[in-house]
Amino acid sequence: MTQQVYKDEKRAALDRKIVPVIIILSIVVPLAVAALLMFPDVFKLDMGISRGTLPAFHAILNGSTAILLILALWFIRSRNISAHRTSMLIAFGLSAIFLVSYVISKLNADPIPYSGEGASRYVYFFILISHIILSTAVLPLAMFAIYRGLTQEYRKHKKIVRWAYPIWLYVAITGVLVYLFMQPYY
């Protein structure tokens with residue numbers, strides 16, 4: 001058996017384990033978050049966390065993720081693969097922390113409505129709705145991009161990243177914007 005055939009078989013075996021996990025997480029996580037948002041009274045769990053604390057933390061996580069994504073692009077264009085990989089893994093880690101913290105915030109406190117009026121209301125809801133819709137795509141795209149990068153399947157990695165990167169960056173930046181719009185109401 002040639003070395004390439006062995007590598008291909010090994011990669012296919014790994015795909016059979018990892019790809020289903022990515023798909024399951026990509027379905028279960030958005031459904032769980034949607035359930036929290038649609039049925040807040042069912043999942044209420046008062047943890048005594050101040051209403052404004054976690055949103056500020058979320059904005060810091062999103063802003064840091066955006067900075068890391070921009071740095072990662074600069075690193076890969078500079079052919080610094082190690083720094084690129086580190087930046088992307090930290091960005092993914094911060095996004096995972098955000099997701100857990102977001103779930104905790106939804107369990108802890110009732111939602112706060114946006115009270116802005118006029119044009120700012122339309123801008124806010126456009127940003128919020130596009131942020132929510134695109135955030136559901138970030139999880140599978142980011143996981144597949146990272147997986148393909150770590151397994152050194154760079155051709156597949158680049159195909160995914162063409163979509164994953166701008167969507168992830170948009171979601172990170174709009175996460176900060178949503179906080180800034182909502183900040184006066186916390």
# chains A, B, ... in the order shown; residues from 1 in each chain; ligands from 1
call {"tool": "select_by_dssp", "arguments": {"residues": "chain A", "states": "alpha helix (DSSP H)", "output": "ChimeraX atom specification"}}
result
/A:3-38,53-77,81-108,119-150,154-182
call {"tool": "residues_around", "arguments": {"residues": "range 135-148 of chain A", "least_positions_apart": "6", "cutoff": "7 Å", "atoms": "only C-alpha atoms", "output": "list in words"}}
result
Ile22, Ile23, Ser26, Pro30, Tyr154, Lys156, His157, Ile160, Val161, Ala164, Ile167, Trp168 and Val171 of chain A
call {"tool": "residues_around", "arguments": {"residues": "Arg85 in chain A", "least_positions_apart": "2", "cutoff": "12 Å", "atoms": "only C-alpha atoms", "output": "list in words"}}
result
Leu68, Leu69, Leu71, Ala72, Leu73, Trp74, Phe75, Ile76, Arg79, Asn80, Ile81, Ser82, Ala83, Ser87, Met88, Leu89, Ile90, Ala91, Phe92, Ala145, Ile146, Tyr147, Arg148, Gly149, Leu150, Thr151 and Gln152 of chain A
call {"tool": "closest_residue", "arguments": {"among": "A:Ala56, A:Val19, A:Val29, A:Leu37", "to": "Pro111 in chain A", "atoms": "only C-alpha atoms"}}
result
A:Leu37
call {"tool": "closest_residue", "arguments": {"among": "A:Leu54, A:Ile67, A:Leu169, A:Leu36", "to": "Phe98 in chain A", "atoms": "only C-alpha atoms"}}
result
A:Leu54
call {"tool": "atom_distance", "arguments": {"atom1": "CA of Ala66 in chain A", "atom2": "CA of Tyr186 in chain A"}}
result
23.3 Å
call {"tool": "residues_around", "arguments": {"residues": "range 62-64 of chain A", "least_positions_apart": "6", "cutoff": "8 Å", "atoms": "only C-alpha atoms", "output": "list in words"}}
result
Ala91, Leu94, Ser95, Phe98, Ala172, Ile173, Gly175 and Val176 of chain A
call {"tool": "write_last_selection", "arguments": {"atoms": "all heavy atoms", "output": "PDB file, in the first residue's frame"}}
result
ATOM      1  N   ALA A  91      -9.609  32.517  18.629  1.00  0.00           N
ATOM      2  CA  ALA A  91     -10.886  33.125  18.219  1.00  0.00           C
ATOM      3  C   ALA A  91     -12.027  32.126  18.394  1.00  0.00           C
ATOM      4  O   ALA A  91     -13.107  32.478  18.894  1.00  0.00           O
ATOM      5  CB  ALA A  91     -10.811  33.608  16.776  1.00  0.00           C
ATOM      6  N   LEU A  94     -12.739  31.773  22.115  1.00  0.00           N
ATOM      7  CA  LEU A  94     -13.511  32.908  22.620  1.00  0.00           C
ATOM      8  C   LEU A  94     -14.963  32.820  22.172  1.00  0.00           C
ATOM      9  O   LEU A  94     -15.880  33.152  22.942  1.00  0.00           O
ATOM     10  CB  LEU A  94     -12.891  34.229  22.159  1.00  0.00           C
ATOM     11  CG  LEU A  94     -11.538  34.593  22.763  1.00  0.00           C
ATOM     12  CD1 LEU A  94     -11.038  35.917  22.185  1.00  0.00           C
ATOM     13  CD2 LEU A  94     -11.584  34.636  24.273  1.00  0.00           C
ATOM     14  N   SER A  95     -15.187  32.364  20.950  1.00  0.00           N
ATOM     15  CA  SER A  95     -16.556  32.205  20.455  1.00  0.00           C
ATOM     16  C   SER A  95     -17.291  31.122  21.250  1.00  0.00           C
ATOM     17  O   SER A  95     -18.488  31.253  21.534  1.00  0.00           O
ATOM     18  CB  SER A  95     -16.562  31.878  18.967  1.00  0.00           C
ATOM     19  OG  SER A  95     -16.106  32.985  18.221  1.00  0.00           O
ATOM     20  N   PHE A  98     -18.158  32.610  24.511  1.00  0.00           N
ATOM     21  CA  PHE A  98     -19.304  33.486  24.292  1.00  0.00           C
ATOM     22  C   PHE A  98     -20.594  32.678  24.279  1.00  0.00           C
ATOM     23  O   PHE A  98     -21.582  33.049  24.922  1.00  0.00           O
ATOM     24  CB  PHE A  98     -19.182  34.259  22.973  1.00  0.00           C
ATOM     25  CG  PHE A  98     -20.486  34.858  22.542  1.00  0.00           C
ATOM     26  CD1 PHE A  98     -20.926  36.046  23.097  1.00  0.00           C
ATOM     27  CD2 PHE A  98     -21.297  34.203  21.628  1.00  0.00           C
ATOM     28  CE1 PHE A  98     -22.159  36.588  22.730  1.00  0.00           C
ATOM     29  CE2 PHE A  98     -22.524  34.729  21.264  1.00  0.00           C
ATOM     30  CZ  PHE A  98     -22.954  35.932  21.821  1.00  0.00           C
ATOM     31  N   ALA A 172     -19.050  38.704  14.551  1.00  0.00           N
ATOM     32  CA  ALA A 172     -18.285  39.231  15.686  1.00  0.00           C
ATOM     33  C   ALA A 172     -18.459  40.748  15.800  1.00  0.00           C
ATOM     34  O   ALA A 172     -18.708  41.276  16.890  1.00  0.00           O
ATOM     35  CB  ALA A 172     -16.807  38.862  15.544  1.00  0.00           C
ATOM     36  N   ILE A 173     -18.358  41.443  14.684  1.00  0.00           N
ATOM     37  CA  ILE A 173     -18.483  42.909  14.707  1.00  0.00           C
ATOM     38  C   ILE A 173     -19.912  43.330  15.052  1.00  0.00           C
ATOM     39  O   ILE A 173     -20.130  44.226  15.875  1.00  0.00           O
ATOM     40  CB  ILE A 173     -18.027  43.518  13.361  1.00  0.00           C
ATOM     41  CG1 ILE A 173     -16.502  43.344  13.206  1.00  0.00           C
ATOM     42  CG2 ILE A 173     -18.418  44.989  13.266  1.00  0.00           C
ATOM     43  CD1 ILE A 173     -15.976  43.670  11.823  1.00  0.00           C
ATOM     44  N   GLY A 175     -22.013  41.692  16.763  1.00  0.00           N
ATOM     45  CA  GLY A 175     -22.243  41.388  18.172  1.00  0.00           C
ATOM     46  C   GLY A 175     -21.884  42.569  19.054  1.00  0.00           C
ATOM     47  O   GLY A 175     -22.602  42.908  20.007  1.00  0.00           O
ATOM     48  N   VAL A 176     -20.786  43.228  18.723  1.00  0.00           N
ATOM     49  CA  VAL A 176     -20.385  44.439  19.457  1.00  0.00           C
ATOM     50  C   VAL A 176     -21.394  45.558  19.193  1.00  0.00           C
ATOM     51  O   VAL A 176     -21.796  46.275  20.121  1.00  0.00           O
ATOM     52  CB  VAL A 176     -18.956  44.878  19.069  1.00  0.00           C
ATOM     53  CG1 VAL A 176     -18.600  46.194  19.735  1.00  0.00           C
ATOM     54  CG2 VAL A 176     -17.938  43.797  19.416  1.00  0.00           C
TER      55      VAL A 176
END
call {"tool": "closest_residue", "arguments": {"among": "A:Lys44, A:Arg121, A:Lys7, A:Arg162", "to": "Met182 in chain A", "atoms": "only C-alpha atoms"}}
result
A:Arg121
